[in-house]
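Written out below as structure tokens is the structure these notes cover.
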Amino acid sequence: MLNEKARRYLAGLLIGTMAFSMAACNKKEGSTETGNEVKLAAGGVYPIECEDTLTWWGELNLNLSTEVSNLGETNMAKELEKRTGVKVEYLHPAQGQQAEQFNLLIASNDLPDLISYNWQGFGAQMAVDSGYITNLNEPIQKWAPNLSKVLSENAHYDKMVKTDEGTYYVFPTLTDGGAASIYSGPIVRKDWLDKLGMEVPTTIDEFETMLRRFKNELGVDFPLSTVYGMLAQTFAPAYGAGHGWFVGNDGKVHFGPVSPGYKEYLTKMNSWYKEGLLDNNVANTDLKTVETNLLNDRVGATLFNAGAGIGKWMNAKATKDPTFELVGTPVPTMNKGEVQVRFNREWEYIPSVSTAISATCKNLELATRFLDYGYGEEGRMFYVFGTEGVSYNMVDGEPMLTDMIINSEKGISQALTHYCRGSYSGPFVGDSRLTMQMQSKPVQAFEAIQTWNNNVDVVTHSLPPISFTEEEQKELAKLTSEFGTYSAEMILKFIVGIEPLEKYDEYLAQMEKFNIARALEIYDQALSRYTER
């Protein structure tokens, strides 16, 4: 019933922040090499004088991978070397093979100096204790004044980027937690709403009425079509249920598909499916299919993001159909005027793309000072916006993207990747001013971001970036392998009617037999440790 893409999505959802790999094996000792002398520039830190070259392993941004084979070829990398004085050799795993090649890297005992990976998911404290990556407590204190200042002035950052034992293990990718922290939600054909004389829907009932009128009055093939993983994320919150692991009103961790309210959500999705309001191929529909159908006027509503969704699609239809218009609508609530509750949020710390220094790094001081560059004002502006006068200009005290970027035929995001890393990730604090500008063309994308971020509670129920012990990871992997596939397939069967909803209690009983209670207990233990950091 589930295609391979859907299976991978659901597996990741179930395991959450668990280990990507249990590859850690034999402990090895950290290098005693100090490398060549690091000389600081007069009156400051950068550029640095040092003969050593650092090696940096990490996935090449997908947008860049279509144009260059190595990050070192970009204007950004060349300018970064000029500004910091540090020579870097970039190493990239093949696209789509990051996890597999990371495991091979770990097993080889031949690690590069810097490694960008989900060390939290791997098991950060284990990675430090096993001699794979460096305990950064002392290096940050000695050689990273910029990051030290950021962490000392932002307690919430500090709490997220260390282990339960208090170990700093990466130079983190951070966001500023600005207004653009939510960049996806429902997207609707605004021109069709206008044709029907309808307002933008804000409740489940209004959304349903819209879908029904799309089908019955306009003859739309797929009133709602979306990638399956977005369905519960968008509509389950109206029923008080999350779609993955979340924090309940009781302060404990819950799992969406067995939480109160989830049966009511399934009942609604099943009714939409039976009535033909929900794409009858929702289990296997991918983004490309959704996009094709939407651009061919076969879809009335979908669930995606602003820039790669609204912006891309409206630009694609601009010359073919000037009346075509999309609008971002609020995530629907049960009752009008209610606060939209999000059960999963993008936290200010993004562990999956943060950078550790290997325990065998040949020059720890050089690596530390180099990575620290992105947390100072100059470094942050460079990483986020690029070079002034090239990719951005200061206008009335605010950084504004240049016409070269805004009007690029490649699109804003792709054009930016050659000059900065603000459109994806790196060792710096992000800036929501860039995020908002990336959605500025067309204006509907910008407005969608504002709509999705308005009247929203993203804090109460979102599970913070907790960490598991090695023993907990192993036990969770066993538990989720037992109930994960069963739960995912049963949920889909309930939606499409293969299993009647009268059997939902039997499903809950089977989940109890799979010991979902023990998995929740492990999550609670990890949440408790995080709270006490």
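Labeling convention for the structure tokens: chains A, B, ... as they appear, residues from 1 per chain, ligands from 1 in order of appearance.
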Sorted by chain and rising residue number, which residues of stretch 425-492 of chain A lie within 7 Å of stretch 372-395 of chain A, and what are their closest atom pairs and distances in Å to one decimal, counting only C-alpha atoms, as CSV?
residue,atom,partner,partner_atom,distance
A:Pro427,CA,A:Gly374,CA,5.8
A:Phe428,CA,A:Gly374,CA,4.4
A:Val429,CA,A:Tyr375,CA,6.3
A:Gly430,CA,A:Val384,CA,6.4
A:Asp431,CA,A:Val384,CA,6.8
### Exercise: A:Gly177 partners within 9 Å, only C-alpha atoms, chain neighbours under 4 positions left out, as an MDAnalysis selection string
chainID A and resid 181 346:348 430:432
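Proximity to A:Asp113 was assessed for A:Tyr46, A:Tyr424, A:Tyr132, A:Phe235 counting only C-alpha atoms; the smallest distance is recorded for A:Tyr132.
DSSP secondary structure from the backbone places A:Leu62, A:Asn63, A:Leu64, A:Ser65, A:Leu71, A:Gly72, A:Glu73, A:Asn75, A:Met76, A:Ala77, A:Lys78, A:Glu79, A:Leu80, A:Glu81, A:Lys82, A:Arg83, A:Thr84 of stretch 49-93 of chain A in helix (DSSP H, G or I).
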Selection file, C-alpha atoms, as a PDB file, in the first residue's frame:
ATOM      1  CA  LEU A  62      20.928  19.825  -4.032  1.00  0.00           C
ATOM      2  CA  ASN A  63      20.477  23.100  -5.934  1.00  0.00           C
ATOM      3  CA  LEU A  64      24.239  23.450  -6.301  1.00  0.00           C
ATOM      4  CA  SER A  65      24.772  19.829  -7.301  1.00  0.00           C
ATOM      5  CA  LEU A  71      31.460  23.532  -3.028  1.00  0.00           C
ATOM      6  CA  GLY A  72      34.997  24.808  -3.533  1.00  0.00           C
ATOM      7  CA  GLU A  73      34.049  25.880  -7.073  1.00  0.00           C
ATOM      8  CA  ASN A  75      32.140  32.206  -5.325  1.00  0.00           C
ATOM      9  CA  MET A  76      31.060  31.669  -1.723  1.00  0.00           C
ATOM     10  CA  ALA A  77      33.874  29.213  -0.954  1.00  0.00           C
ATOM     11  CA  LYS A  78      36.505  31.325  -2.682  1.00  0.00           C
ATOM     12  CA  GLU A  79      35.422  34.458  -0.834  1.00  0.00           C
ATOM     13  CA  LEU A  80      35.277  32.557   2.470  1.00  0.00           C
ATOM     14  CA  GLU A  81      38.907  31.510   2.052  1.00  0.00           C
ATOM     15  CA  LYS A  82      39.874  35.104   1.269  1.00  0.00           C
ATOM     16  CA  ARG A  83      38.090  36.452   4.343  1.00  0.00           C
ATOM     17  CA  THR A  84      39.210  33.809   6.846  1.00  0.00           C
TER      18      THR A  84
END
Using only C-alpha atoms, find each residue of stretch 251-301 of chain A with at least one atom at most 12 Å away from an atom of stretch 465-483 of chain A; report its shortest atom-to-atom pair and that distance in Å (one decimal), sort the rows by chain and rising residue number, and return the result as a tab-separated table.
residue	atom	partner	partner_atom	distance
A:Val253	CA	A:Ile466	CA	11.4
A:Phe255	CA	A:Thr480	CA	11.6
A:Pro257	CA	A:Phe483	CA	11.1
A:Val258	CA	A:Phe483	CA	11.4
Write the selection just made, keeping N, CA, C and O atoms, as a JSON list (two decimals), in the first residue's frame?
[["chain", "number", "residue", "atom", "x", "y", "z"],
["A", 253, "VAL", "N", 5.28, 12.87, 26.67],
["A", 253, "VAL", "CA", 5.38, 12.64, 25.23],
["A", 253, "VAL", "C", 4.25, 11.70, 24.78],
["A", 253, "VAL", "O", 3.93, 10.72, 25.46],
["A", 255, "PHE", "N", 2.38, 9.82, 21.08],
["A", 255, "PHE", "CA", 2.58, 9.44, 19.67],
["A", 255, "PHE", "C", 1.26, 9.64, 18.95],
["A", 255, "PHE", "O", 0.24, 9.04, 19.30],
["A", 257, "PRO", "N", -0.52, 8.78, 16.22],
["A", 257, "PRO", "CA", -1.46, 7.76, 15.76],
["A", 257, "PRO", "C", -2.12, 6.92, 16.86],
["A", 257, "PRO", "O", -2.96, 6.08, 16.55],
["A", 258, "VAL", "N", -1.75, 7.14, 18.12],
["A", 258, "VAL", "CA", -2.46, 6.46, 19.21],
["A", 258, "VAL", "C", -2.96, 7.48, 20.24],
["A", 258, "VAL", "O", -3.32, 7.11, 21.36]]
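Between atom CA of A:Ser354 and atom CA of A:Arg421 the interatomic distance comes to 12.9 Å.
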#### Entry: atom CA of A:Val299 to atom CA of A:Ser271, distance in Å rounded to a single decimal
18.4 Å
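Across the model, the gap from atom CA of A:Arg342 to atom CA of A:Val458 is 4.9 Å.
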### Message
From the options A:Pro145, A:Gly242, A:Pro201, A:Gly307, which residue's atoms come nearest to A:Gln444, counting only C-alpha atoms?
### Response
A:Gly307
### Non-local contacts of A:Glu49 (10 Å; only C-alpha atoms; under 4 positions in same chain excluded) as a list in words
Asn36, Glu37, Val38, Lys39, Leu40, Ala41, Val45, Thr84, Gly85, Val86, Lys87 and Leu366 of chain A
#### Entry: Close residues, A:Asn137 itself excluded, 9 Å, only C-alpha atoms, min 6 positions apart in chain, as JSON, numbers by chain
{"A": [166, 167, 168, 169]}
Can you write out the residues you just picked, keeping all heavy atoms, as a tab-separated table (two decimals), in the first residue's frame?
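Ended up saving to selection_4.tsv:
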chain	number	residue	atom	x	y	z
A	166	GLY	N	26.24	17.88	29.21
A	166	GLY	CA	26.83	19.23	29.13
A	166	GLY	C	27.96	19.37	28.15
A	166	GLY	O	28.72	20.34	28.20
A	167	THR	N	28.07	18.43	27.21
A	167	THR	CA	29.15	18.45	26.23
A	167	THR	C	28.73	19.18	24.96
A	167	THR	O	27.71	18.84	24.35
A	167	THR	CB	29.56	17.01	25.86
A	167	THR	OG1	29.97	16.31	27.04
A	167	THR	CG2	30.70	17.01	24.85
A	168	TYR	N	29.52	20.19	24.57
A	168	TYR	CA	29.32	20.81	23.26
A	168	TYR	C	30.03	19.94	22.23
A	168	TYR	O	31.19	19.57	22.41
A	168	TYR	CB	29.89	22.22	23.24
A	168	TYR	CG	29.22	23.16	24.20
A	168	TYR	CD1	29.86	23.56	25.38
A	168	TYR	CD2	27.95	23.66	23.95
A	168	TYR	CE1	29.25	24.42	26.28
A	168	TYR	CE2	27.32	24.53	24.84
A	168	TYR	CZ	27.97	24.90	26.01
A	168	TYR	OH	27.36	25.75	26.90
A	169	TYR	N	29.36	19.63	21.12
A	169	TYR	CA	29.92	18.66	20.19
A	169	TYR	C	29.92	19.12	18.74
A	169	TYR	O	30.51	18.48	17.88
A	169	TYR	CB	29.16	17.32	20.30
A	169	TYR	CG	27.67	17.45	20.05
A	169	TYR	CD1	27.12	17.18	18.80
A	169	TYR	CD2	26.80	17.84	21.07
A	169	TYR	CE1	25.77	17.29	18.56
A	169	TYR	CE2	25.43	17.96	20.84
A	169	TYR	CZ	24.92	17.69	19.59
A	169	TYR	OH	23.57	17.82	19.36
### Message
Just want the 8 Å neighbourhood of stretch 117-119 of chain A, counted on only C-alpha atoms, with same-chain residues fewer than 5 positions away dropped. Output as an NGL selection string.
### Response
:A and (20 or 58 or 124 or 127 or 170 or 351-356)
### Task
Determine, counting only C-alpha atoms, which protein, DNA and RNA residues have an atom within 12 Å of an atom of A:Ser487; residues of the same chain fewer than 3 positions away are not included. Present the result as a PyMOL selection string.
chain A and resi 2+7+10-11+13-14+243-244+255-258+480-484+490-494+504+506-512+514+516
Given the selection you just returned, output its residues as a file containing C-alpha atoms, formatted as a short mmCIF file (atom, residue, chain, number, x, y, z; two decimals), in the first residue's frame.
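Below is the file result_25.cif, written as the result:
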data_model
loop_
_atom_site.label_atom_id
_atom_site.label_comp_id
_atom_site.auth_asym_id
_atom_site.auth_seq_id
_atom_site.Cartn_x
_atom_site.Cartn_y
_atom_site.Cartn_z
CA LEU A 2 2.84 2.42 0.84
CA ARG A 7 7.86 4.12 3.87
CA LEU A 10 7.21 7.28 7.99
CA ALA A 11 10.25 5.42 9.27
CA LEU A 13 8.92 10.18 11.48
CA LEU A 14 8.68 7.28 13.95
CA HIS A 243 1.23 13.41 13.57
CA GLY A 244 4.40 12.13 15.24
CA PHE A 255 2.58 9.44 19.67
CA GLY A 256 0.05 10.93 17.26
CA PRO A 257 -1.46 7.76 15.76
CA VAL A 258 -2.46 6.46 19.21
CA THR A 480 9.75 0.99 16.37
CA SER A 481 10.69 -1.77 13.93
CA GLU A 482 7.89 -3.81 15.50
CA PHE A 483 5.10 -1.23 15.62
CA GLY A 484 6.21 1.30 12.99
CA MET A 490 -3.15 0.63 9.42
CA ILE A 491 -3.50 4.41 9.43
CA LEU A 492 -3.50 4.46 5.65
CA LYS A 493 -5.99 1.57 5.50
CA PHE A 494 -8.34 3.51 7.77
CA TYR A 504 -9.56 1.37 15.56
CA GLU A 506 -8.33 -3.30 17.89
CA TYR A 507 -5.49 -1.30 16.34
CA LEU A 508 -4.84 0.43 19.69
CA ALA A 509 -4.81 -2.94 21.45
CA GLN A 510 -2.24 -4.27 19.00
CA MET A 511 -0.08 -1.18 19.50
CA GLU A 512 -0.16 -1.91 23.23
CA PHE A 514 3.93 -3.93 20.54
CA ILE A 516 4.24 1.47 22.56
#
### Message
Which residues are close to A:Cys361, i.e. within 12 Å by only C-alpha atoms, leaving aside same-chain residues fewer than 2 positions away? Reply as a PyMOL selection string.
### Response
chain A and resi 29-35+52-56+110-115+131-134+356-359+363-368
